[in-house]
file structure.txt (compact mmCIF, C-alpha atoms)
# COMPACT_ATOMS: atom_id res chain seq x y z
CA MET A 1 43.90 16.56 -32.94
CA SER A 2 42.51 17.76 -36.17
CA ILE A 3 42.91 21.35 -37.29
CA SER A 4 39.34 22.22 -36.39
CA GLU A 5 39.76 20.78 -32.88
CA THR A 6 42.99 22.69 -32.38
CA LEU A 7 41.37 25.92 -33.46
CA LEU A 8 38.43 25.28 -31.17
CA VAL A 9 40.62 24.69 -28.12
CA TYR A 10 43.32 27.31 -28.65
CA VAL A 11 41.22 30.06 -30.27
CA GLY A 12 37.62 29.31 -29.41
CA ILE A 13 38.04 28.88 -25.64
CA PRO A 14 40.22 31.99 -25.07
CA LEU A 15 37.82 33.99 -27.22
CA ALA A 16 34.86 32.75 -25.17
CA VAL A 17 36.58 33.71 -21.91
CA TYR A 18 37.50 37.11 -23.31
CA LEU A 19 33.91 37.78 -24.39
CA LEU A 20 32.59 36.63 -21.02
CA VAL A 21 34.82 39.08 -19.17
CA ALA A 22 33.98 41.89 -21.59
CA ALA A 23 30.26 41.23 -21.12
CA ALA A 24 30.66 41.26 -17.34
CA VAL A 25 32.48 44.60 -17.43
CA TYR A 26 30.47 46.54 -20.00
CA GLY A 27 27.14 44.79 -19.79
CA THR A 28 26.19 46.08 -16.37
CA SER A 29 23.10 48.16 -15.77
CA ASN A 30 25.08 51.35 -15.11
CA ARG A 31 25.44 52.31 -18.75
CA HIS A 32 22.89 55.11 -18.36
CA VAL A 33 24.99 56.73 -15.61
CA ARG A 34 27.93 58.79 -16.69
CA ARG A 35 30.82 59.75 -14.48
CA TYR A 36 31.13 63.48 -13.91
CA ARG A 37 34.34 65.13 -14.99
CA PRO A 38 34.50 68.89 -14.46
CA GLY A 39 34.89 70.81 -17.68
CA ARG A 40 33.53 68.07 -19.92
CA PRO A 41 29.98 68.08 -21.27
CA PHE A 42 27.65 66.44 -18.79
CA PRO A 43 24.16 66.27 -20.28
CA ILE A 44 22.10 64.84 -17.44
CA GLU A 45 18.45 64.70 -16.73
CA ALA A 46 17.57 67.23 -14.04
CA VAL A 47 16.56 65.57 -10.77
CA TRP A 48 15.04 67.07 -7.67
CA PHE A 49 14.72 65.20 -4.41
CA VAL A 50 12.69 66.06 -1.33
CA ALA A 51 12.42 63.66 1.57
CA ALA A 52 8.92 62.27 1.98
CA ARG A 53 6.85 63.72 4.81
CA PRO A 54 6.49 61.45 7.80
CA PRO A 55 3.17 59.59 7.68
CA SER A 56 0.49 61.59 9.40
CA ARG A 57 -2.81 60.51 10.85
CA LEU A 58 -4.48 62.99 8.52
CA ASP A 59 -3.25 61.02 5.53
CA ASP A 60 -4.77 57.77 6.75
CA PRO A 61 -8.33 57.40 5.40
CA THR A 62 -9.12 54.52 7.74
CA GLN A 63 -8.79 56.73 10.82
CA PRO A 64 -12.09 58.32 11.91
CA ALA A 65 -12.25 62.06 11.66
CA LEU A 66 -12.03 63.99 14.91
CA PRO A 67 -15.32 65.56 16.04
CA ALA A 68 -15.69 69.21 15.22
CA VAL A 69 -15.66 71.66 18.09
CA ASP A 70 -17.09 75.14 18.43
CA VAL A 71 -14.37 77.56 17.52
CA PRO A 72 -14.72 80.90 19.29
CA ALA A 73 -15.00 83.83 16.97
CA ALA A 74 -11.83 85.80 16.46
CA LEU A 75 -11.34 88.78 18.75
CA PRO A 76 -11.74 92.16 17.11
CA ALA A 77 -8.53 93.83 16.18
CA GLY A 78 -7.24 96.47 18.57
CA PRO A 79 -5.99 99.89 17.60
CA SER A 80 -2.81 99.71 15.62
CA HIS A 81 0.24 101.46 16.96
CA ASP A 82 1.42 101.93 13.47
CA PRO A 83 -0.95 104.30 11.68
CA ILE A 84 0.78 103.87 8.38
CA GLY A 85 0.40 100.12 8.53
CA ALA A 86 3.11 97.62 9.03
CA ALA A 87 5.18 96.96 6.01
CA PRO A 88 4.82 93.40 4.75
CA VAL A 89 7.40 91.22 6.33
CA ASP A 90 9.79 90.48 3.57
CA SER A 91 11.11 86.93 3.53
CA PRO A 92 14.75 87.13 2.61
CA THR A 93 16.22 83.79 1.90
CA GLY A 94 19.75 83.10 2.95
CA GLY A 95 22.38 80.67 1.88
CA ALA A 96 25.61 80.67 -0.01
CA ARG A 97 27.02 80.23 -3.48
CA GLY A 98 30.06 78.45 -4.80
CA THR A 99 31.75 77.69 -8.07
CA TRP A 100 34.50 75.29 -9.01
CA MET B 1 11.91 60.28 -1.85
CA VAL B 2 9.87 62.18 -4.35
CA PRO B 3 11.63 62.95 -7.60
CA GLY B 4 10.88 66.43 -8.82
CA SER B 5 9.13 67.14 -12.04
CA SER B 6 11.71 66.84 -14.73
CA THR B 7 9.46 66.14 -17.66
CA SER B 8 10.63 69.19 -19.57
CA GLN B 9 14.01 67.57 -20.16
CA PRO B 10 14.42 65.71 -23.42
CA ALA B 11 14.33 61.96 -23.10
CA GLY B 12 17.47 59.89 -23.40
CA ARG B 13 19.57 62.02 -21.08
CA LEU B 14 21.79 60.35 -18.55
CA GLN B 15 21.18 59.93 -14.87
CA PRO B 16 23.71 61.63 -12.56
CA PHE B 17 23.64 58.95 -9.85
CA LEU B 18 24.03 55.21 -9.50
CA PRO B 19 21.21 53.33 -7.76
CA ARG B 20 23.28 52.83 -4.63
CA GLN B 21 24.17 56.54 -4.55
CA LEU B 22 20.45 57.39 -4.82
CA TRP B 23 19.79 55.02 -1.97
CA ARG B 24 22.36 56.71 0.27
CA LEU B 25 21.17 60.18 -0.73
CA ASP B 26 17.62 59.20 0.14
CA GLY B 27 18.74 58.06 3.58
CA ALA B 28 20.76 61.21 4.16
CA LEU B 29 17.84 63.46 3.18
CA ALA B 30 15.42 61.61 5.44
CA ALA B 31 17.89 61.68 8.35
CA ALA B 32 18.58 65.39 7.86
CA ASP B 33 14.86 66.20 7.94
CA ARG B 34 14.22 63.99 10.94
CA GLU B 35 17.11 65.32 13.02
CA THR B 36 16.67 69.02 12.31
CA GLY B 37 12.97 69.52 11.59
CA LEU B 38 13.96 71.40 8.43
CA THR B 39 13.06 70.38 4.89
CA PHE B 40 16.17 69.49 2.93
CA SER B 41 15.98 69.25 -0.82
CA VAL B 42 18.55 68.45 -3.49
CA TYR B 43 18.41 69.59 -7.11
CA VAL B 44 20.95 68.44 -9.69
CA GLY B 45 20.63 69.88 -13.18
CA ASP B 46 20.99 73.01 -15.23
CA LEU B 47 20.05 76.35 -13.67
CA GLU B 48 18.94 79.35 -15.69
CA ASP B 49 20.92 82.55 -15.50
CA PRO B 50 21.06 84.22 -13.06
CA THR B 51 21.53 80.99 -11.17
CA ARG B 52 20.82 82.55 -7.78
CA MET B 53 17.36 83.66 -8.87
CA SER B 54 16.70 80.33 -10.53
CA ALA B 55 17.61 78.49 -7.33
CA ALA B 56 15.44 80.84 -5.26
CA GLN B 57 12.50 80.07 -7.55
CA LEU B 58 13.06 76.36 -7.05
CA HIS B 59 13.19 76.94 -3.31
CA ALA B 60 9.88 78.83 -3.45
CA LYS B 61 8.32 75.79 -5.13
CA LEU B 62 8.60 73.96 -1.80
CA GLY B 63 5.39 75.84 -0.99
CA ASP B 64 4.37 75.84 2.66
CA ARG B 65 7.64 74.11 3.49
CA SER B 66 9.83 76.82 1.94
CA PRO B 67 10.39 78.82 5.20
CA SER B 68 12.01 75.75 6.76
CA GLY B 69 13.43 74.62 3.44
CA VAL B 70 17.10 74.18 2.61
CA LEU B 71 17.79 73.73 -1.09
CA LEU B 72 21.10 72.45 -2.40
CA ALA B 73 21.05 73.21 -6.13
CA VAL B 74 23.98 71.88 -8.14
CA SER B 75 24.60 72.53 -11.80
CA PRO B 76 27.55 70.33 -12.81
CA GLN B 77 27.56 71.71 -16.33
CA GLN B 78 27.76 75.35 -15.16
CA ARG B 79 29.93 74.40 -12.17
CA VAL B 80 27.71 76.29 -9.78
CA LEU B 81 26.38 75.34 -6.36
CA GLU B 82 23.61 77.40 -4.78
CA VAL B 83 22.46 76.82 -1.22
CA VAL B 84 19.17 78.56 -0.44
CA THR B 85 17.79 78.65 3.11
CA GLY B 86 14.30 79.77 4.07
CA VAL B 87 13.52 82.30 6.81
CA GLU B 88 13.31 79.72 9.61
CA ALA B 89 16.15 77.61 8.27
CA ARG B 90 18.39 80.67 8.11
CA ARG B 91 18.16 81.08 11.88
CA MET B 92 19.59 77.60 12.35
CA LEU B 93 21.98 77.79 9.43
CA PRO B 94 23.55 81.26 9.15
CA ASP B 95 24.99 82.28 5.79
CA ARG B 96 28.52 82.02 7.18
CA VAL B 97 27.96 78.36 8.02
CA CYS B 98 26.46 77.72 4.58
CA GLY B 99 29.52 79.33 3.03
CA LEU B 100 31.82 76.89 4.81
CA VAL B 101 29.69 73.93 3.75
CA VAL B 102 29.69 75.20 0.16
CA LEU B 103 33.50 75.33 0.20
CA SER B 104 33.69 71.72 1.30
CA MET B 105 31.13 70.61 -1.27
CA THR B 106 32.75 72.39 -4.21
CA ALA B 107 36.05 70.73 -3.30
CA ALA B 108 34.39 67.34 -3.75
CA PHE B 109 32.67 68.42 -6.97
CA GLU B 110 35.98 69.59 -8.37
CA GLY B 111 37.21 66.03 -7.95
CA GLY B 112 34.19 64.76 -9.88
CA ASP B 113 32.39 63.35 -6.84
CA LEU B 114 28.84 64.69 -7.05
CA ALA B 115 27.20 62.22 -4.69
CA GLY B 116 30.00 62.41 -2.14
CA GLY B 117 29.89 66.21 -2.07
CA LEU B 118 26.15 66.25 -1.59
CA MET B 119 26.32 63.62 1.14
CA SER B 120 29.01 65.46 3.11
CA GLY B 121 27.18 68.77 2.63
CA LEU B 122 23.95 67.31 3.99
CA ARG B 123 25.82 65.83 6.91
CA MET B 124 27.58 69.10 7.77
CA LEU B 125 24.37 71.13 7.54
CA THR B 126 22.57 68.61 9.74
CA GLU B 127 25.33 68.78 12.34
CA GLN B 128 25.26 72.58 12.35
CA ALA B 129 21.47 72.83 12.57
CA ARG B 130 21.33 70.46 15.55
CA ARG B 131 23.54 72.72 17.67

call {"tool": "encode", "arguments": {"input": "structure.txt", "output": "structure tokens"}}
result
Amino acid sequence: MSISETLLVYVGIPLAVYLLVAAAVYGTSNRHVRRYRPGRPFPIEAVWFVAARPPSRLDDPTQPALPAVDVPAALPAGPSHDPIGAAPVDSPTGGARGTW
Amino acid sequence: MVPGSSTSQPAGRLQPFLPRQLWRLDGALAAADRETGLTFSVYVGDLEDPTRMSAAQLHAKLGDRSPSGVLLAVSPQQRVLEVVTGVEARRMLPDRVCGLVVLSMTAAFEGGDLAGGLMSGLRMLTEQARR
């Protein structure tokens, strides 16, 4: 074997294999995802997920609209037992908080 | 799954989840909604101080679904988790229950497992709300 052939077999082939493995490891599509490690900077794009609403008949334009019906007028309001007027129902949200 | 509006963030930032984690999260959110009738929602990103108020504002953005809404807001950078329940959701998920779920989730986050913590939190809340 000439010198160039020897180099090709004993240097070129191992180098090609090495590069192939390196490409398989680092060349995946997950480069834009970073692993989270608490305490280290983690500059991520904010994401917000809500499950999609189940498909409703109202959302389907091919369905014919239901016929309108006569809606009885609302009954007149009776005398209030609370002369001051009921305070607006506040809507306190619940939940919990945690840190790590 | 409907990604929230995150256009205010500068471009080039990293995504917190792998595609397969997103896939599982999507399934867990849909299952949680279907089994409980509540509206579960997950936010991952920075929260403004005070974080509680910031999370409550996000929860209010659910609009007509906010009374039955359950928001899990995680800020990995600030190491804060806020769980916000609406008026109806609070009846099914008392604060004490949410506190226990938060403990379990923060334990996973401390180990660096964001997706796993969110998944187990969603599962626990679903189990509790079905009772």

call {"tool": "interface_residues", "arguments": {"input": "structure.txt", "of": "chain A", "to": "chain B", "cutoff": "8 Å", "atoms": "all atoms listed in the file", "output": "ChimeraX atom specification"}}
result
/A:30,32-52,91-100

call {"tool": "write_last_selection", "arguments": {"input": "structure.txt", "atoms": "C-alpha atoms", "output": "mmCIF file, keeping the file's coordinate frame"}}
result
data_model
loop_
_atom_site.group_PDB
_atom_site.id
_atom_site.type_symbol
_atom_site.label_atom_id
_atom_site.label_comp_id
_atom_site.auth_asym_id
_atom_site.auth_seq_id
_atom_site.Cartn_x
_atom_site.Cartn_y
_atom_site.Cartn_z
ATOM 1 C CA ASN A 30 25.080 51.350 -15.110
ATOM 2 C CA HIS A 32 22.890 55.110 -18.360
ATOM 3 C CA VAL A 33 24.990 56.730 -15.610
ATOM 4 C CA ARG A 34 27.930 58.790 -16.690
ATOM 5 C CA ARG A 35 30.820 59.750 -14.480
ATOM 6 C CA TYR A 36 31.130 63.480 -13.910
ATOM 7 C CA ARG A 37 34.340 65.130 -14.990
ATOM 8 C CA PRO A 38 34.500 68.890 -14.460
ATOM 9 C CA GLY A 39 34.890 70.810 -17.680
ATOM 10 C CA ARG A 40 33.530 68.070 -19.920
ATOM 11 C CA PRO A 41 29.980 68.080 -21.270
ATOM 12 C CA PHE A 42 27.650 66.440 -18.790
ATOM 13 C CA PRO A 43 24.160 66.270 -20.280
ATOM 14 C CA ILE A 44 22.100 64.840 -17.440
ATOM 15 C CA GLU A 45 18.450 64.700 -16.730
ATOM 16 C CA ALA A 46 17.570 67.230 -14.040
ATOM 17 C CA VAL A 47 16.560 65.570 -10.770
ATOM 18 C CA TRP A 48 15.040 67.070 -7.670
ATOM 19 C CA PHE A 49 14.720 65.200 -4.410
ATOM 20 C CA VAL A 50 12.690 66.060 -1.330
ATOM 21 C CA ALA A 51 12.420 63.660 1.570
ATOM 22 C CA ALA A 52 8.920 62.270 1.980
ATOM 23 C CA SER A 91 11.110 86.930 3.530
ATOM 24 C CA PRO A 92 14.750 87.130 2.610
ATOM 25 C CA THR A 93 16.220 83.790 1.900
ATOM 26 C CA GLY A 94 19.750 83.100 2.950
ATOM 27 C CA GLY A 95 22.380 80.670 1.880
ATOM 28 C CA ALA A 96 25.610 80.670 -0.010
ATOM 29 C CA ARG A 97 27.020 80.230 -3.480
ATOM 30 C CA GLY A 98 30.060 78.450 -4.800
ATOM 31 C CA THR A 99 31.750 77.690 -8.070
ATOM 32 C CA TRP A 100 34.500 75.290 -9.010
#

call {"tool": "atom_distance", "arguments": {"input": "structure.txt", "atom1": "CA of Leu122 (chain B)", "atom2": "CA of Arg65 (chain B)"}}
result
17.7 Å

call {"tool": "atom_distance", "arguments": {"input": "structure.txt", "atom1": "CA of Ala55 (chain B)", "atom2": "CA of Glu127 (chain B)"}}
result
23.3 Å

call {"tool": "axis_aligned_box", "arguments": {"input": "structure.txt", "around": "region 103-111 of chain B", "padding_each_side": "6 Å", "output": "JSON"}}
result
{"center_x": 34.2, "center_y": 70.7, "center_z": -3.5, "size_x": 18.1, "size_y": 21.3, "size_z": 21.7}

call {"tool": "atom_distance", "arguments": {"input": "structure.txt", "atom1": "CA of Gly117 (chain B)", "atom2": "CA of Thr36 (chain B)"}}
result
19.7 Å
